[in-house]
file model_23.cif (mmCIF, C-alpha atoms and all ligand atoms)
data_structure
#
loop_
_atom_site.label_atom_id
_atom_site.label_comp_id
_atom_site.auth_asym_id
_atom_site.auth_seq_id
_atom_site.Cartn_x
_atom_site.Cartn_y
_atom_site.Cartn_z
CA MET A 1111 5.23 -13.64 43.24
CA ARG A 1112 7.12 -15.13 46.19
CA VAL A 1113 5.13 -15.12 49.42
CA ILE A 1114 7.23 -15.56 52.56
CA ILE A 1115 5.47 -15.99 55.90
CA LYS A 1116 7.46 -15.30 59.07
CA ASP A 1117 6.60 -15.55 62.74
CA ASN A 1118 6.94 -11.84 63.45
CA PRO A 1119 7.86 -8.42 62.01
CA ILE A 1120 11.43 -8.63 63.37
CA GLU A 1121 12.21 -11.75 61.34
CA ILE A 1122 10.77 -10.02 58.28
CA SER A 1123 12.92 -6.95 58.88
CA HIS A 1124 16.14 -9.01 58.91
CA GLU A 1125 15.32 -10.64 55.57
CA ALA A 1126 14.10 -7.47 53.88
CA ALA A 1127 17.13 -5.49 55.10
CA ASP A 1128 19.39 -8.26 53.88
CA ILE A 1129 18.04 -7.98 50.32
CA ILE A 1130 18.51 -4.21 50.35
CA VAL A 1131 22.02 -4.34 51.88
CA LYS A 1132 23.09 -6.96 49.31
CA GLN A 1133 21.77 -4.78 46.50
CA ILE A 1134 23.76 -1.78 47.79
CA ASN A 1135 26.92 -3.81 48.32
CA ASN A 1136 26.64 -5.25 44.81
CA TYR A 1137 26.29 -1.76 43.36
CA HIS A 1138 26.98 1.23 45.59
CA GLY A 1139 25.10 3.53 43.22
CA SER A 1140 21.84 1.58 43.49
CA VAL A 1141 18.54 3.41 43.09
CA LEU A 1142 16.17 2.54 45.92
CA GLY A 1143 12.48 3.28 46.22
CA PHE A 1144 11.37 3.70 49.83
CA ALA A 1145 8.02 3.67 51.62
CA THR A 1146 6.93 5.33 54.84
CA GLY A 1147 4.39 4.20 57.45
CA ALA A 1148 4.69 1.53 60.13
CA SER A 1149 5.49 -1.44 57.84
CA PRO A 1150 9.12 -0.60 56.85
CA VAL A 1151 10.24 0.89 60.19
CA GLU A 1152 11.84 -2.29 61.56
CA THR A 1153 13.59 -2.89 58.23
CA TYR A 1154 15.05 0.62 58.38
CA LYS A 1155 16.30 -0.14 61.90
CA ARG A 1156 18.10 -3.26 60.63
CA ILE A 1157 19.73 -1.23 57.80
CA ILE A 1158 20.88 1.38 60.34
CA GLU A 1159 22.35 -1.37 62.55
CA ARG A 1160 24.27 -2.78 59.62
CA TYR A 1161 25.49 0.69 58.67
CA GLU A 1162 26.68 1.22 62.25
CA LYS A 1163 28.58 -2.09 62.13
CA GLY A 1164 30.31 -0.92 58.95
CA GLU A 1165 28.63 -3.58 56.80
CA VAL A 1166 27.06 -1.12 54.35
CA SER A 1167 27.38 2.50 53.25
CA LEU A 1168 24.42 4.42 51.82
CA LYS A 1169 26.60 7.27 50.61
CA TYR A 1170 26.23 6.64 46.89
CA ILE A 1171 22.65 5.36 46.68
CA THR A 1172 19.95 7.45 45.04
CA THR A 1173 16.54 7.33 46.69
CA PHE A 1174 12.96 7.96 45.60
CA ASN A 1175 10.07 7.92 48.03
CA LEU A 1176 6.62 6.81 47.03
CA ASP A 1177 4.57 9.73 48.21
CA GLU A 1178 4.16 12.99 50.13
CA TYR A 1179 1.22 14.91 51.57
CA VAL A 1180 0.15 18.03 49.67
CA GLY A 1181 0.72 21.20 51.70
CA LEU A 1182 3.32 19.83 54.12
CA SER A 1183 6.84 21.22 54.24
CA ARG A 1184 9.86 18.98 54.78
CA GLU A 1185 10.13 20.35 58.32
CA ASN A 1186 6.61 19.24 59.27
CA VAL A 1187 6.91 16.23 61.62
CA ASN A 1188 4.17 14.45 59.69
CA SER A 1189 5.72 14.94 56.27
CA TYR A 1190 7.11 11.79 54.75
CA PHE A 1191 10.41 13.59 54.14
CA TYR A 1192 10.69 14.15 57.89
CA PHE A 1193 9.77 10.50 58.49
CA MET A 1194 12.59 9.28 56.24
CA LYS A 1195 15.09 11.65 57.81
CA ASP A 1196 14.06 10.46 61.26
CA ASN A 1197 13.82 6.74 60.51
CA LEU A 1198 16.67 6.17 58.06
CA PHE A 1199 18.42 8.94 56.18
CA GLY A 1200 19.52 11.03 59.17
CA LYS A 1201 20.92 7.97 60.93
CA THR A 1202 23.12 6.81 58.07
CA ASP A 1203 25.53 8.42 55.60
CA VAL A 1204 22.83 8.98 52.94
CA ASP A 1205 23.77 11.95 50.78
CA PHE A 1206 20.76 14.27 50.84
CA ASN A 1207 21.72 15.52 47.37
CA ARG A 1208 20.74 12.09 46.08
CA VAL A 1209 17.43 11.97 47.98
CA ASN A 1210 14.43 12.52 45.71
CA PHE A 1211 10.99 13.42 47.00
CA LEU A 1212 7.74 14.65 45.57
CA SER A 1213 7.36 18.16 46.99
CA GLY A 1214 4.18 18.67 49.01
CA GLU A 1215 4.75 22.39 48.71
CA ALA A 1216 4.89 22.58 44.91
CA THR A 1217 2.54 25.22 43.53
CA ASP A 1218 2.11 23.44 40.19
CA LEU A 1219 1.35 19.83 41.16
CA GLU A 1220 1.21 18.59 37.59
CA ALA A 1221 4.66 20.02 36.81
CA GLU A 1222 5.99 18.50 40.04
CA CYS A 1223 4.69 15.06 39.03
CA LYS A 1224 6.27 15.38 35.60
CA ARG A 1225 9.58 16.43 37.19
CA TYR A 1226 9.54 13.29 39.39
CA TYR A 1227 8.66 11.00 36.50
CA ASP A 1228 11.56 12.41 34.47
CA ARG A 1229 13.95 12.26 37.41
CA ILE A 1230 13.31 8.53 37.95
CA ARG A 1231 14.15 7.96 34.27
CA GLU A 1232 17.25 10.14 34.39
CA CYS A 1233 18.52 8.03 37.30
CA GLY A 1234 18.04 4.84 35.28
CA GLY A 1235 14.92 3.55 37.05
CA ILE A 1236 14.50 1.96 40.46
CA ASP A 1237 16.45 -1.18 41.40
CA ILE A 1238 14.37 -2.15 44.45
CA GLN A 1239 11.04 -0.63 45.45
CA LEU A 1240 9.93 -1.24 49.03
CA LEU A 1241 6.17 -1.17 49.64
CA GLY A 1242 3.56 -1.44 52.37
CA ILE A 1243 -0.12 -2.03 51.63
CA GLY A 1244 -3.17 -0.11 52.83
CA THR A 1245 -6.10 -1.94 54.42
CA ASN A 1246 -7.99 -0.98 51.24
CA GLY A 1247 -5.30 -2.48 48.98
CA HIS A 1248 -3.54 0.76 48.07
CA ILE A 1249 0.18 0.83 47.25
CA GLY A 1250 1.87 4.20 47.43
CA PHE A 1251 -1.26 6.31 47.53
CA ASN A 1252 -2.80 4.59 44.51
CA GLU A 1253 -6.27 4.29 45.99
CA PRO A 1254 -8.91 1.84 44.71
CA GLY A 1255 -10.45 3.18 41.50
CA ASP A 1256 -11.32 2.28 37.95
CA LYS A 1257 -7.90 2.56 36.32
CA PHE A 1258 -4.21 2.13 37.07
CA ALA A 1259 -2.20 5.37 36.89
CA ASP A 1260 1.11 5.36 35.04
CA GLY A 1261 3.21 8.26 36.32
CA PRO A 1262 3.05 10.32 39.53
CA PHE A 1263 -0.20 12.19 40.22
CA ALA A 1264 -2.14 14.14 42.85
CA VAL A 1265 -4.72 12.01 44.65
CA LYS A 1266 -7.63 12.69 46.98
CA LEU A 1267 -7.15 10.23 49.83
CA THR A 1268 -9.99 7.87 50.69
CA GLN A 1269 -11.72 7.85 54.06
CA SER A 1270 -10.10 4.47 54.82
CA THR A 1271 -6.61 5.95 54.34
CA ILE A 1272 -7.51 9.02 56.40
CA ASP A 1273 -8.89 6.79 59.19
CA SER A 1274 -5.67 4.72 59.23
CA ASN A 1275 -3.31 7.70 59.33
CA LYS A 1276 -5.09 10.59 61.08
CA LYS A 1277 -3.76 9.49 64.49
CA TYR A 1278 -0.29 10.80 63.58
CA PHE A 1279 -1.71 14.25 62.87
CA GLU A 1280 -4.08 14.28 65.85
CA ALA A 1281 -1.11 13.50 68.12
CA VAL A 1282 0.34 16.94 67.33
CA GLY A 1283 -3.01 18.76 67.14
CA ASP A 1284 -3.13 18.87 63.31
CA THR A 1285 -5.65 17.78 60.72
CA MET A 1286 -4.55 15.28 58.11
CA PRO A 1287 -4.31 16.64 54.55
CA GLU A 1288 -6.89 15.23 52.15
CA TYR A 1289 -4.52 15.23 49.17
CA ALA A 1290 -1.18 13.64 48.46
CA LEU A 1291 1.26 13.24 45.57
CA THR A 1292 2.15 9.66 44.79
CA MET A 1293 4.14 7.62 42.32
CA GLY A 1294 1.79 5.90 39.89
CA ILE A 1295 1.37 2.16 39.47
CA GLY A 1296 3.50 2.40 36.31
CA ASP A 1297 6.40 3.91 38.27
CA ILE A 1298 6.16 1.11 40.85
CA MET A 1299 5.84 -1.64 38.23
CA ARG A 1300 8.93 -0.38 36.36
CA ALA A 1301 11.08 -1.08 39.44
CA ARG A 1302 13.30 -4.06 38.71
CA LYS A 1303 12.55 -5.72 42.06
CA ILE A 1304 9.71 -5.14 44.53
CA ILE A 1305 9.50 -6.03 48.22
CA LEU A 1306 6.16 -5.64 50.00
CA ILE A 1307 5.82 -5.94 53.77
CA ALA A 1308 2.46 -6.49 55.49
CA THR A 1309 1.97 -7.33 59.14
CA GLY A 1310 -1.03 -7.59 61.45
CA GLU A 1311 -4.58 -8.79 61.15
CA SER A 1312 -5.83 -5.47 59.75
CA LYS A 1313 -3.94 -6.26 56.51
CA ALA A 1314 -5.23 -9.84 56.10
CA LYS A 1315 -8.12 -9.00 53.75
CA ALA A 1316 -6.02 -6.79 51.48
CA VAL A 1317 -3.27 -9.42 51.44
CA LYS A 1318 -5.71 -12.15 50.41
CA GLU A 1319 -6.91 -9.96 47.54
CA LEU A 1320 -3.33 -9.09 46.56
CA VAL A 1321 -2.24 -12.72 46.36
CA GLU A 1322 -5.44 -14.53 45.32
CA GLY A 1323 -7.74 -11.87 43.84
CA GLN A 1324 -8.27 -10.86 40.24
CA VAL A 1325 -5.99 -8.13 38.96
CA SER A 1326 -8.12 -5.00 39.18
CA PRO A 1327 -7.70 -1.29 39.97
CA SER A 1328 -10.38 -1.81 42.63
CA CYS A 1329 -7.52 -3.38 44.64
CA PRO A 1330 -4.42 -1.63 43.20
CA ALA A 1331 -1.93 -4.03 44.86
CA THR A 1332 -3.22 -6.91 42.70
CA ILE A 1333 -1.21 -5.49 39.78
CA LEU A 1334 1.90 -6.86 41.52
CA GLN A 1335 0.83 -10.33 40.32
CA MET A 1336 1.99 -9.17 36.87
CA HIS A 1337 5.53 -8.21 38.00
CA ALA A 1338 8.38 -10.66 37.40
CA ASP A 1339 10.24 -10.14 40.69
CA VAL A 1340 8.05 -9.48 43.73
CA THR A 1341 8.65 -10.76 47.26
CA ILE A 1342 5.80 -10.40 49.74
CA PHE A 1343 6.80 -10.68 53.41
CA LEU A 1344 3.92 -11.45 55.76
CA ASP A 1345 3.59 -12.26 59.43
CA LYS A 1346 1.12 -14.97 60.39
CA ALA A 1347 -1.68 -12.49 61.16
CA ALA A 1348 -1.43 -10.79 57.75
CA ALA A 1349 -1.32 -14.23 56.06
CA SER A 1350 -4.22 -15.64 58.11
CA LEU A 1351 -6.86 -15.53 55.34
CA LEU A 1352 -4.69 -17.00 52.56
CA GLY A 1353 -6.03 -20.25 51.18
CA GLU A 1354 -9.47 -19.76 52.76
CA LYS A 1355 -12.58 -19.55 50.62
CA LYS A 1356 -14.05 -16.04 50.38
C1 LIG B 1401 3.59 4.95 52.49
C2 LIG B 1401 2.68 4.37 51.51
C3 LIG B 1401 1.47 3.59 51.93
C4 LIG B 1401 1.72 2.67 53.11
C5 LIG B 1401 0.42 1.94 53.51
C6 LIG B 1401 0.61 1.08 54.73
O1 LIG B 1401 4.68 5.61 51.84
O2 LIG B 1401 2.88 4.57 50.37
O3 LIG B 1401 1.03 2.83 50.83
O4 LIG B 1401 2.70 1.73 52.79
O5 LIG B 1401 -0.57 2.88 53.77
O6 LIG B 1401 0.88 1.87 55.83
P1 LIG B 1401 1.40 1.24 57.20
O7 LIG B 1401 2.70 0.61 56.91
O8 LIG B 1401 1.53 2.42 58.13
O9 LIG B 1401 0.36 0.26 57.63
#

call {"tool": "encode", "arguments": {"input": "model_23.cif", "output": "structure tokens", "more": "lines below"}}
Ligand code: F6R
result
Amino acid sequence: MRVIIKDNPIEISHEAADIIVKQINNYHGSVLGFATGASPVETYKRIIERYEKGEVSLKYITTFNLDEYVGLSRENVNSYFYFMKDNLFGKTDVDFNRVNFLSGEATDLEAECKRYYDRIRECGGIDIQLLGIGTNGHIGFNEPGDKFADGPFAVKLTQSTIDSNKKYFEAVGDTMPEYALTMGIGDIMRARKIILIATGESKAKAVKELVEGQVSPSCPATILQMHADVTIFLDKAAASLLGEKK
């Protein structure tokens, strides 16, 4: 696990975008796993800037996103599909035929999860998976629990996750869904390379557990210690508890 500490989120975004752009330029048909939320937004902006300068084309990449809220359509401003369209896909030449998402509107959630699991395999697996981390140590929506999930599944979100994200729904007068579909830990761990971005003091405890804690499903991100190629980008606030005794 490589831990890289930068002064601020902008510096992180340049480095993270650079890894992704290099991957795409090495192989235009790369399979990329994307995350939503605040953590990757600056990185997406850097990728868009490089696309606009003609330094990279996203036309032939295949994408998989980590998760989606159950019950939300792609047109809902709080759906993660909408987020990706707004923050990356719609501002580049991404081919929407190669964009893969768990469908929040699926009637048979189990079948939808199986479809996604199979689709990742059919596409040859994920080259780079980008991640954020929840204040409770979740990755994707793999919430703290007593086992690691392998493939995609439907999850009841914890209060901590609802508290962190409900502001986006309240802003448009909506209530946050209690359930989501998410890639499992197995899907994330099978990615050939993983980049995790964490910034701000609110992430410091989860980051300490991720880097220094025992591998345990009670902090799902700790499993990343077992992956051969993980880069963790932190700002100083998120890294502030590293090295300190508990
Ligand atoms: C989002 C996701 C989540 C977020 C995490 C951090 O697709 O899977 O695990 O990465 O909740 O969210 P932010 O970045 O908003 O702090």

call {"tool": "residues_around", "arguments": {"input": "model_23.cif", "residues": "stretch 1290-1298 of chain A", "least_positions_apart": "6", "cutoff": "9 Å", "atoms": "all atoms listed in the file", "output": "short mmCIF file (atom, residue, chain, number, x, y, z; two decimals) with C-alpha atoms, keeping the file's coordinate frame"}}
result
data_model
loop_
_atom_site.label_atom_id
_atom_site.label_comp_id
_atom_site.auth_asym_id
_atom_site.auth_seq_id
_atom_site.Cartn_x
_atom_site.Cartn_y
_atom_site.Cartn_z
CA GLY A 1143 12.48 3.28 46.22
CA ASN A 1175 10.07 7.92 48.03
CA LEU A 1176 6.62 6.81 47.03
CA ASP A 1177 4.57 9.73 48.21
CA GLU A 1178 4.16 12.99 50.13
CA TYR A 1179 1.22 14.91 51.57
CA VAL A 1180 0.15 18.03 49.67
CA GLY A 1181 0.72 21.20 51.70
CA LEU A 1212 7.74 14.65 45.57
CA SER A 1213 7.36 18.16 46.99
CA GLY A 1214 4.18 18.67 49.01
CA LEU A 1219 1.35 19.83 41.16
CA GLU A 1222 5.99 18.50 40.04
CA CYS A 1223 4.69 15.06 39.03
CA TYR A 1226 9.54 13.29 39.39
CA TYR A 1227 8.66 11.00 36.50
CA ILE A 1230 13.31 8.53 37.95
CA GLY A 1235 14.92 3.55 37.05
CA ILE A 1236 14.50 1.96 40.46
CA GLN A 1239 11.04 -0.63 45.45
CA ILE A 1249 0.18 0.83 47.25
CA GLY A 1250 1.87 4.20 47.43
CA PHE A 1251 -1.26 6.31 47.53
CA ASN A 1252 -2.80 4.59 44.51
CA PHE A 1258 -4.21 2.13 37.07
CA ALA A 1259 -2.20 5.37 36.89
CA ASP A 1260 1.11 5.36 35.04
CA GLY A 1261 3.21 8.26 36.32
CA PRO A 1262 3.05 10.32 39.53
CA PHE A 1263 -0.20 12.19 40.22
CA ALA A 1264 -2.14 14.14 42.85
CA VAL A 1265 -4.72 12.01 44.65
CA LYS A 1266 -7.63 12.69 46.98
CA LEU A 1267 -7.15 10.23 49.83
CA ILE A 1304 9.71 -5.14 44.53
CA PRO A 1330 -4.42 -1.63 43.20
CA ALA A 1331 -1.93 -4.03 44.86
CA ILE A 1333 -1.21 -5.49 39.78
#

call {"tool": "closest_residue", "arguments": {"input": "model_23.cif", "among": "A:Ile1130, A:Thr1153, A:Glu1319, A:Asn1186", "to": "A:Met1286", "atoms": "all atoms listed in the file"}}
result
A:Asn1186

call {"tool": "residues_around", "arguments": {"input": "model_23.cif", "residues": "stretch 1344-1356 of chain A", "least_positions_apart": "4", "cutoff": "8 Å", "atoms": "only C-alpha atoms", "output": "list in words"}}
result
Val1113, Ile1114, Ile1115, Lys1116, Asp1117, Asn1118, Pro1119, Ile1122, Ile1307, Ala1308, Thr1309, Gly1310, Glu1311, Ser1312, Lys1313, Ala1314, Lys1315, Val1317, Lys1318, Val1321 and Glu1322 of chain A

call {"tool": "closest_residue", "arguments": {"input": "model_23.cif", "among": "A:Asp1218, A:Glu1253, A:Asp1284, A:Asp1205", "to": "ligand LIG 1401 (chain B)", "atoms": "all atoms listed in the file"}}
result
A:Glu1253

call {"tool": "atom_distance", "arguments": {"input": "model_23.cif", "atom1": "atom C4 of ligand LIG 1401 (chain B)", "atom2": "atom CA of A:Thr1217"}}
result
24.5 Å

call {"tool": "closest_residue", "arguments": {"input": "model_23.cif", "among": "A:Arg1300, A:Lys1169, A:Arg1160, A:His1124", "to": "A:Asp1203", "atoms": "only C-alpha atoms"}}
result
A:Lys1169

call {"tool": "closest_residue", "arguments": {"input": "model_23.cif", "among": "A:Ser1183, A:Asn1207, A:Ser1140, A:Gln1269", "to": "A:Asp1237", "atoms": "all atoms listed in the file"}}
result
A:Ser1140

call {"tool": "closest_residue", "arguments": {"input": "model_23.cif", "among": "A:Asp1273, A:Glu1121, A:Glu1288, A:Asp1228", "to": "ligand LIG 1401 (chain B)", "atoms": "all atoms listed in the file"}}
result
A:Asp1273

call {"tool": "closest_residue", "arguments": {"input": "model_23.cif", "among": "A:Gly1164, A:Pro1150, A:Pro1254, A:Pro1287", "to": "ligand LIG 1401 (chain B)", "atoms": "all atoms listed in the file"}}
result
A:Pro1150

call {"tool": "atom_distance", "arguments": {"input": "model_23.cif", "atom1": "atom CA of A:Val1131", "atom2": "atom CA of A:Ile1158"}}
result
10.3 Å

call {"tool": "axis_aligned_box", "arguments": {"input": "model_23.cif", "around": "stretch 1217-1220 of chain A", "padding_each_side": "3 Å", "output": "lines of an AutoDock Vina configuration file"}}
result
center_x = 1.9
center_y = 21.9
center_z = 40.6
size_x = 7.3
size_y = 12.6
size_z = 11.9

call {"tool": "atom_distance", "arguments": {"input": "model_23.cif", "atom1": "atom CA of A:Glu1215", "atom2": "atom CA of A:Phe1193"}}
result
16.2 Å

call {"tool": "residues_around", "arguments": {"input": "model_23.cif", "residues": "A:Gly1139", "least_positions_apart": "6", "cutoff": "9 Å", "atoms": "only C-alpha atoms", "output": "compact mmCIF listing (two decimals) with C-alpha atoms, in the coordinates of the input"}}
result
# COMPACT_ATOMS: atom_id res chain seq x y z
CA LEU A 1168 24.42 4.42 51.82
CA LYS A 1169 26.60 7.27 50.61
CA TYR A 1170 26.23 6.64 46.89
CA ILE A 1171 22.65 5.36 46.68
CA THR A 1172 19.95 7.45 45.04

call {"tool": "residues_near_point", "arguments": {"input": "model_23.cif", "point": "(-1.5, 17.6, 62.7)", "cutoff": "12 Å", "atoms": "all atoms listed in the file", "output": "list in words"}}
result
Tyr1179, Gly1181, Leu1182, Asn1186, Val1187, Asn1188, Ser1189, Asn1275, Lys1276, Lys1277, Tyr1278, Phe1279, Glu1280, Ala1281, Val1282, Gly1283, Asp1284, Thr1285, Met1286 and Pro1287 of chain A

call {"tool": "residues_around", "arguments": {"input": "model_23.cif", "residues": "A:Gln1335", "least_positions_apart": "3", "cutoff": "10 Å", "atoms": "only C-alpha atoms", "output": "ChimeraX atom specification"}}
result
/A:1111-1112,1320-1325,1331-1332,1338-1340

call {"tool": "decode", "arguments": {"input": "model_23.cif", "residues": "stretch 1161-1202 of chain A", "atoms": "C-alpha atoms", "output": "PDB file, in the first residue's frame"}}
result
ATOM      1  CA  TYR A1161      -9.494  15.965 -22.555  1.00  0.00           C
ATOM      2  CA  GLU A1162     -10.164  19.578 -23.572  1.00  0.00           C
ATOM      3  CA  LYS A1163      -6.455  20.089 -24.291  1.00  0.00           C
ATOM      4  CA  GLY A1164      -6.523  17.030 -26.551  1.00  0.00           C
ATOM      5  CA  GLU A1165      -4.226  15.033 -24.269  1.00  0.00           C
ATOM      6  CA  VAL A1166      -6.642  12.127 -23.785  1.00  0.00           C
ATOM      7  CA  SER A1167      -9.766  10.640 -25.349  1.00  0.00           C
ATOM      8  CA  LEU A1168     -12.267   8.641 -23.299  1.00  0.00           C
ATOM      9  CA  LYS A1169     -14.075   7.369 -26.375  1.00  0.00           C
ATOM     10  CA  TYR A1170     -13.026   3.734 -26.116  1.00  0.00           C
ATOM     11  CA  ILE A1171     -12.913   3.248 -22.336  1.00  0.00           C
ATOM     12  CA  THR A1172     -15.452   1.039 -20.604  1.00  0.00           C
ATOM     13  CA  THR A1173     -16.663   2.263 -17.223  1.00  0.00           C
ATOM     14  CA  PHE A1174     -18.199   0.669 -14.146  1.00  0.00           C
ATOM     15  CA  ASN A1175     -19.434   2.709 -11.217  1.00  0.00           C
ATOM     16  CA  LEU A1176     -19.321   1.433  -7.688  1.00  0.00           C
ATOM     17  CA  ASP A1177     -22.880   1.988  -6.616  1.00  0.00           C
ATOM     18  CA  GLU A1178     -26.355   3.435  -7.133  1.00  0.00           C
ATOM     19  CA  TYR A1179     -29.295   4.259  -4.885  1.00  0.00           C
ATOM     20  CA  VAL A1180     -32.259   1.885  -5.038  1.00  0.00           C
ATOM     21  CA  GLY A1181     -35.368   3.565  -6.447  1.00  0.00           C
ATOM     22  CA  LEU A1182     -33.647   6.442  -8.264  1.00  0.00           C
ATOM     23  CA  SER A1183     -33.870   6.823 -12.025  1.00  0.00           C
ATOM     24  CA  ARG A1184     -30.911   8.002 -14.101  1.00  0.00           C
ATOM     25  CA  GLU A1185     -32.655  11.358 -14.524  1.00  0.00           C
ATOM     26  CA  ASN A1186     -32.859  11.992 -10.770  1.00  0.00           C
ATOM     27  CA  VAL A1187     -30.307  14.706  -9.889  1.00  0.00           C
ATOM     28  CA  ASN A1188     -29.196  12.679  -6.878  1.00  0.00           C
ATOM     29  CA  SER A1189     -28.648   9.440  -8.760  1.00  0.00           C
ATOM     30  CA  TYR A1190     -25.029   8.493  -9.165  1.00  0.00           C
ATOM     31  CA  PHE A1191     -25.590   8.085 -12.913  1.00  0.00           C
ATOM     32  CA  TYR A1192     -26.604  11.752 -13.063  1.00  0.00           C
ATOM     33  CA  PHE A1193     -23.560  12.669 -10.961  1.00  0.00           C
ATOM     34  CA  MET A1194     -21.191  10.946 -13.390  1.00  0.00           C
ATOM     35  CA  LYS A1195     -22.879  12.516 -16.399  1.00  0.00           C
ATOM     36  CA  ASP A1196     -22.616  15.931 -14.772  1.00  0.00           C
ATOM     37  CA  ASN A1197     -19.089  15.606 -13.388  1.00  0.00           C
ATOM     38  CA  LEU A1198     -17.286  13.612 -16.078  1.00  0.00           C
ATOM     39  CA  PHE A1199     -19.046  11.650 -18.779  1.00  0.00           C
ATOM     40  CA  GLY A1200     -21.126  14.479 -20.268  1.00  0.00           C
ATOM     41  CA  LYS A1201     -18.090  16.752 -20.449  1.00  0.00           C
ATOM     42  CA  THR A1202     -15.877  14.344 -22.369  1.00  0.00           C
TER      43      THR A1202
END
